[in-house]
Amino acid sequence: MTGRFVAFEGGEGSGKSTQAKRLADRLGAVLTREPGGTAVGARIRSLVLDPATTGLADRAEALLMAADRAQHVEQVVRPALAAGRDVVTDRFFGSSLAYQGFGRGLPVGDLRRLSLWATAGLEPDLVVLLDVPEEVAVARLTAAPDRVEAAGAEFHRAVRAGFRELAREHADRWVVVDGTPAPAEVEASVLAVVCERLGR
């Protein structure tokens with residue numbers, strides 16, 4: 001029996017890391033993340049998010065994220081699914097479409113093809129998009145911003161709009177959950193969605 005694959009998506013401060021961990025704990029699932037779910041990915045994550053990384057071309061950024069994803073799927077995701085384990089990831093290729101596509105302005109179709117090539121066609125069974133208003137996200141970000149967090153308000157507005165468009169276009173696989181309430185309330189909403197969509 002193959003495990004089920006759930007990806008959490010959302011902008012900075014949406015609460016997806018918290019909710020990914022809570023769902024993984026509930027399901028007894030493998031919890032992972034992008035970028036950085038492998039040793040190779042951790043090095044890519046450090047490079048991409050480090051504020052000291054300057055002059056990185058948008059296409060180079062997209063290719064680095066795809067490289068992280070290829071390693072992540074090969075080393076972590078596919079083996080766990082094949083062993084019958086559920087997998088919950090904090091970000092998957094929806095983030096590439098939103099950040100490098102809608103945010104950076106690269107062609108979304110090209111990014112989708114690149115990501116599907118990197119994953120050898122693997123897509124999540126369910127994508128949970130945690131959506132929060134801009135002012136809530138800003139209030140939640142208290143640490144010094146990383147390179148992507150510091151990209152500016154206009155960039156992050158485009159990313160949020162991109163995520164919402166992706167959810168509308170792929171409603172068979174994506175579901176939007178309000179990330180504004182307290183974590184326990186959001187968790188209950190996520191669990192209800194997972195049970196409805198995946199029968200768990």
# chains A, B, ... in the order shown; residues from 1 in each chain; ligands from 1
$ select_by_dssp --residues "segment 8-79 of chain A" --states "helix (DSSP H, G or I)" --output "MDAnalysis selection string"
chainID A and resid 16:27 39:49 58:79
$ select_by_dssp --residues "chain A" --states "strand (DSSP E or B)" --output "JSON list (two decimals) with N, CA and C atoms, in the first residue's frame"
[["chain", "number", "residue", "atom", "x", "y", "z"],
["A", 5, "PHE", "N", 0.37, 11.57, 0.35],
["A", 5, "PHE", "CA", 1.33, 12.66, 0.31],
["A", 5, "PHE", "C", 0.59, 13.99, 0.42],
["A", 6, "VAL", "N", 0.85, 14.73, 1.50],
["A", 6, "VAL", "CA", 0.20, 16.01, 1.76],
["A", 6, "VAL", "C", 1.25, 17.11, 1.79],
["A", 7, "ALA", "N", 1.01, 18.17, 1.04],
["A", 7, "ALA", "CA", 1.91, 19.33, 1.04],
["A", 7, "ALA", "C", 1.20, 20.54, 1.62],
["A", 8, "PHE", "N", 1.89, 21.28, 2.48],
["A", 8, "PHE", "CA", 1.39, 22.55, 2.98],
["A", 8, "PHE", "C", 2.06, 23.67, 2.21],
["A", 9, "GLU", "N", 1.26, 24.62, 1.75],
["A", 9, "GLU", "CA", 1.77, 25.78, 1.04],
["A", 9, "GLU", "C", 1.24, 27.04, 1.71],
["A", 30, "VAL", "N", 5.80, 10.85, 8.00],
["A", 30, "VAL", "CA", 7.13, 11.43, 7.84],
["A", 30, "VAL", "C", 6.94, 12.93, 7.61],
["A", 31, "LEU", "N", 7.61, 13.75, 8.42],
["A", 31, "LEU", "CA", 7.56, 15.20, 8.28],
["A", 31, "LEU", "C", 8.83, 15.67, 7.59],
["A", 32, "THR", "N", 8.67, 16.45, 6.54],
["A", 32, "THR", "CA", 9.84, 16.94, 5.82],
["A", 32, "THR", "C", 9.55, 18.35, 5.31],
["A", 33, "ARG", "N", 10.51, 18.92, 4.57],
["A", 33, "ARG", "CA", 10.32, 20.30, 4.12],
["A", 33, "ARG", "C", 11.14, 20.58, 2.87],
["A", 87, "VAL", "N", 3.38, 10.98, 4.07],
["A", 87, "VAL", "CA", 4.40, 12.03, 4.08],
["A", 87, "VAL", "C", 3.71, 13.38, 4.11],
["A", 88, "VAL", "N", 4.18, 14.25, 5.00],
["A", 88, "VAL", "CA", 3.70, 15.63, 5.09],
["A", 88, "VAL", "C", 4.90, 16.53, 4.87],
["A", 89, "THR", "N", 4.80, 17.40, 3.85],
["A", 89, "THR", "CA", 5.91, 18.31, 3.57],
["A", 89, "THR", "C", 5.50, 19.76, 3.75],
["A", 90, "ASP", "N", 6.40, 20.51, 4.34],
["A", 90, "ASP", "CA", 6.28, 21.96, 4.48],
["A", 90, "ASP", "C", 6.86, 22.56, 3.21],
["A", 126, "LEU", "N", -2.81, 15.83, -1.81],
["A", 126, "LEU", "CA", -3.57, 16.98, -1.30],
["A", 126, "LEU", "C", -2.59, 18.11, -1.00],
["A", 127, "VAL", "N", -2.97, 19.31, -1.43],
["A", 127, "VAL", "CA", -2.21, 20.52, -1.10],
["A", 127, "VAL", "C", -3.08, 21.40, -0.22],
["A", 128, "VAL", "N", -2.60, 21.69, 0.98],
["A", 128, "VAL", "CA", -3.32, 22.56, 1.91],
["A", 128, "VAL", "C", -2.68, 23.94, 1.88],
["A", 129, "LEU", "N", -3.41, 24.91, 1.38],
["A", 129, "LEU", "CA", -2.92, 26.29, 1.31],
["A", 129, "LEU", "C", -3.44, 27.05, 2.53],
["A", 130, "LEU", "N", -2.52, 27.46, 3.39],
["A", 130, "LEU", "CA", -2.89, 28.29, 4.54],
["A", 130, "LEU", "C", -2.78, 29.75, 4.11],
["A", 131, "ASP", "N", -3.89, 30.43, 4.17],
["A", 131, "ASP", "CA", -3.96, 31.81, 3.67],
["A", 131, "ASP", "C", -4.21, 32.76, 4.83],
["A", 174, "TRP", "N", -6.09, 21.03, -4.51],
["A", 174, "TRP", "CA", -5.78, 22.07, -3.53],
["A", 174, "TRP", "C", -7.01, 22.42, -2.71],
["A", 175, "VAL", "N", -6.78, 22.82, -1.46],
["A", 175, "VAL", "CA", -7.85, 23.35, -0.61],
["A", 175, "VAL", "C", -7.27, 24.51, 0.19],
["A", 176, "VAL", "N", -8.07, 25.56, 0.34],
["A", 176, "VAL", "CA", -7.63, 26.75, 1.08],
["A", 176, "VAL", "C", -8.20, 26.70, 2.50],
["A", 177, "VAL", "N", -7.33, 26.90, 3.47],
["A", 177, "VAL", "CA", -7.73, 26.94, 4.88],
["A", 177, "VAL", "C", -7.30, 28.29, 5.44],
["A", 178, "ASP", "N", -8.20, 28.93, 6.17],
["A", 178, "ASP", "CA", -7.89, 30.21, 6.81],
["A", 178, "ASP", "C", -6.87, 29.98, 7.91]]
$ closest_residue --among "A:Glu196, A:Asp146, A:Glu187, A:Glu134" --to "Arg22 of chain A" --atoms "only C-alpha atoms"
A:Glu187
$ residues_around --residues "segment 181-186 of chain A" --least-positions-apart "2" --cutoff "12 Å" --atoms "only C-alpha atoms" --output "list in words"
Ser14, Gly15, Lys16, Ser17, Thr18, Gln19, Ala20, Lys21, Arg22, Leu23, Val128, Leu129, Leu130, Asp131, Val132, Pro133, Val136, Val176, Val177, Asp178, Gly179, Ala188, Ser189, Val190, Leu191, Ala192 and Val193 of chain A
$ write_last_selection --atoms "N, CA and C atoms" --output "compact mmCIF listing (two decimals), in the first residue's frame"
# COMPACT_ATOMS: atom_id res chain seq x y z
N SER A 14 2.33 32.24 7.44
CA SER A 14 1.00 31.64 7.29
C SER A 14 0.71 30.55 8.31
N GLY A 15 1.76 30.04 8.96
CA GLY A 15 1.56 28.98 9.95
C GLY A 15 1.71 27.58 9.41
N LYS A 16 2.17 27.46 8.16
CA LYS A 16 2.23 26.13 7.55
C LYS A 16 3.22 25.19 8.23
N SER A 17 4.35 25.72 8.73
CA SER A 17 5.32 24.84 9.40
C SER A 17 4.71 24.24 10.66
N THR A 18 4.00 25.07 11.42
CA THR A 18 3.32 24.59 12.63
C THR A 18 2.28 23.54 12.28
N GLN A 19 1.47 23.81 11.28
CA GLN A 19 0.39 22.88 10.94
C GLN A 19 0.90 21.61 10.27
N ALA A 20 1.98 21.71 9.51
CA ALA A 20 2.57 20.51 8.92
C ALA A 20 3.03 19.56 10.02
N LYS A 21 3.67 20.10 11.04
CA LYS A 21 4.14 19.25 12.15
C LYS A 21 2.96 18.65 12.90
N ARG A 22 1.93 19.44 13.14
CA ARG A 22 0.76 18.93 13.87
C ARG A 22 0.08 17.80 13.09
N LEU A 23 -0.06 17.96 11.77
CA LEU A 23 -0.71 16.92 10.99
C LEU A 23 0.16 15.67 10.94
N VAL A 128 -2.60 21.69 0.98
CA VAL A 128 -3.32 22.56 1.91
C VAL A 128 -2.68 23.94 1.88
N LEU A 129 -3.41 24.91 1.38
CA LEU A 129 -2.92 26.29 1.31
C LEU A 129 -3.44 27.05 2.53
N LEU A 130 -2.52 27.46 3.39
CA LEU A 130 -2.89 28.29 4.54
C LEU A 130 -2.78 29.75 4.11
N ASP A 131 -3.89 30.43 4.17
CA ASP A 131 -3.96 31.81 3.67
C ASP A 131 -4.21 32.76 4.83
N VAL A 132 -3.38 33.82 4.91
CA VAL A 132 -3.57 34.85 5.94
C VAL A 132 -3.41 36.22 5.28
N PRO A 133 -4.10 37.23 5.79
CA PRO A 133 -3.95 38.58 5.27
C PRO A 133 -2.52 39.09 5.48
N VAL A 136 -1.47 40.20 9.03
CA VAL A 136 -1.26 39.10 9.98
C VAL A 136 0.10 38.46 9.75
N VAL A 176 -8.07 25.56 0.34
CA VAL A 176 -7.63 26.75 1.08
C VAL A 176 -8.20 26.70 2.50
N VAL A 177 -7.33 26.90 3.47
CA VAL A 177 -7.73 26.94 4.88
C VAL A 177 -7.30 28.29 5.44
N ASP A 178 -8.20 28.93 6.17
CA ASP A 178 -7.89 30.21 6.81
C ASP A 178 -6.87 29.98 7.91
N GLY A 179 -5.70 30.60 7.76
CA GLY A 179 -4.64 30.42 8.75
C GLY A 179 -4.65 31.46 9.85
N ALA A 188 -7.83 21.89 13.56
CA ALA A 188 -9.11 21.20 13.40
C ALA A 188 -9.64 21.34 11.98
N SER A 189 -9.48 22.51 11.39
CA SER A 189 -9.93 22.72 10.02
C SER A 189 -9.12 21.85 9.05
N VAL A 190 -7.82 21.78 9.28
CA VAL A 190 -6.95 20.96 8.42
C VAL A 190 -7.33 19.49 8.53
N LEU A 191 -7.56 19.02 9.75
CA LEU A 191 -7.92 17.61 9.94
C LEU A 191 -9.23 17.28 9.24
N ALA A 192 -10.18 18.20 9.31
CA ALA A 192 -11.47 17.97 8.65
C ALA A 192 -11.28 17.85 7.14
N VAL A 193 -10.43 18.69 6.58
CA VAL A 193 -10.16 18.65 5.14
C VAL A 193 -9.46 17.36 4.75
$ closest_atom_pairs --of "segment 154-182 of chain A" --to "segment 10-13 of chain A" --cutoff "9 Å" --atoms "only C-alpha atoms" --output "Markdown table"
| residue | atom | partner | partner_atom | distance |
| --- | --- | --- | --- | --- |
| A:His156 | CA | A:Gly11 | CA | 7.3 |
| A:Val159 | CA | A:Gly11 | CA | 7.0 |
| A:Arg160 | CA | A:Gly11 | CA | 6.2 |
| A:Phe163 | CA | A:Gly10 | CA | 7.0 |
$ write_last_selection --atoms "N, CA, C and O atoms" --output "PDB file, in the first residue's frame"
ATOM      1  N   HIS A 156       5.586  39.824  -2.080  1.00  0.00           N
ATOM      2  CA  HIS A 156       4.802  38.883  -1.278  1.00  0.00           C
ATOM      3  C   HIS A 156       3.309  38.971  -1.580  1.00  0.00           C
ATOM      4  O   HIS A 156       2.599  37.965  -1.472  1.00  0.00           O
ATOM      5  N   VAL A 159       2.992  36.795  -4.582  1.00  0.00           N
ATOM      6  CA  VAL A 159       3.080  35.388  -4.184  1.00  0.00           C
ATOM      7  C   VAL A 159       1.745  34.907  -3.616  1.00  0.00           C
ATOM      8  O   VAL A 159       1.241  33.836  -3.985  1.00  0.00           O
ATOM      9  N   ARG A 160       1.158  35.715  -2.727  1.00  0.00           N
ATOM     10  CA  ARG A 160      -0.129  35.326  -2.135  1.00  0.00           C
ATOM     11  C   ARG A 160      -1.199  35.193  -3.206  1.00  0.00           C
ATOM     12  O   ARG A 160      -1.975  34.223  -3.234  1.00  0.00           O
ATOM     13  N   PHE A 163      -0.627  31.976  -5.121  1.00  0.00           N
ATOM     14  CA  PHE A 163      -1.106  30.788  -4.406  1.00  0.00           C
ATOM     15  C   PHE A 163      -2.618  30.648  -4.544  1.00  0.00           C
ATOM     16  O   PHE A 163      -3.132  29.547  -4.792  1.00  0.00           O
TER      17      PHE A 163
END
$ decode --residues "segment 127-139 of chain A" --atoms "N, CA, C and O atoms" --output "CSV table (one decimal), in the first residue's frame"
chain,number,residue,atom,x,y,z
A,127,VAL,N,-3.0,19.3,-1.4
A,127,VAL,CA,-2.2,20.5,-1.1
A,127,VAL,C,-3.1,21.4,-0.2
A,127,VAL,O,-4.2,21.8,-0.6
A,128,VAL,N,-2.6,21.7,1.0
A,128,VAL,CA,-3.3,22.6,1.9
A,128,VAL,C,-2.7,23.9,1.9
A,128,VAL,O,-1.5,24.1,2.3
A,129,LEU,N,-3.4,24.9,1.4
A,129,LEU,CA,-2.9,26.3,1.3
A,129,LEU,C,-3.4,27.0,2.5
A,129,LEU,O,-4.6,27.2,2.7
A,130,LEU,N,-2.5,27.5,3.4
A,130,LEU,CA,-2.9,28.3,4.5
A,130,LEU,C,-2.8,29.7,4.1
A,130,LEU,O,-1.7,30.2,3.7
A,131,ASP,N,-3.9,30.4,4.2
A,131,ASP,CA,-4.0,31.8,3.7
A,131,ASP,C,-4.2,32.8,4.8
A,131,ASP,O,-5.1,32.5,5.6
A,132,VAL,N,-3.4,33.8,4.9
A,132,VAL,CA,-3.6,34.8,5.9
A,132,VAL,C,-3.4,36.2,5.3
A,132,VAL,O,-2.6,36.4,4.3
A,133,PRO,N,-4.1,37.2,5.8
A,133,PRO,CA,-3.9,38.6,5.3
A,133,PRO,C,-2.5,39.1,5.5
A,133,PRO,O,-1.8,38.6,6.4
A,134,GLU,N,-2.1,40.1,4.7
A,134,GLU,CA,-0.8,40.6,4.7
A,134,GLU,C,-0.4,41.1,6.1
A,134,GLU,O,0.7,40.8,6.6
A,135,GLU,N,-1.3,41.8,6.8
A,135,GLU,CA,-1.0,42.4,8.1
A,135,GLU,C,-0.8,41.3,9.1
A,135,GLU,O,0.1,41.5,10.0
A,136,VAL,N,-1.5,40.2,9.0
A,136,VAL,CA,-1.3,39.1,10.0
A,136,VAL,C,0.1,38.5,9.7
A,136,VAL,O,0.9,38.2,10.7
A,137,ALA,N,0.4,38.2,8.5
A,137,ALA,CA,1.7,37.6,8.2
A,137,ALA,C,2.9,38.5,8.7
A,137,ALA,O,3.8,38.0,9.3
A,138,VAL,N,2.8,39.8,8.4
A,138,VAL,CA,3.8,40.7,8.9
A,138,VAL,C,4.0,40.7,10.4
A,138,VAL,O,5.1,40.7,10.9
A,139,ALA,N,2.9,40.7,11.1
A,139,ALA,CA,2.9,40.7,12.6
A,139,ALA,C,3.6,39.4,13.1
A,139,ALA,O,4.2,39.5,14.2
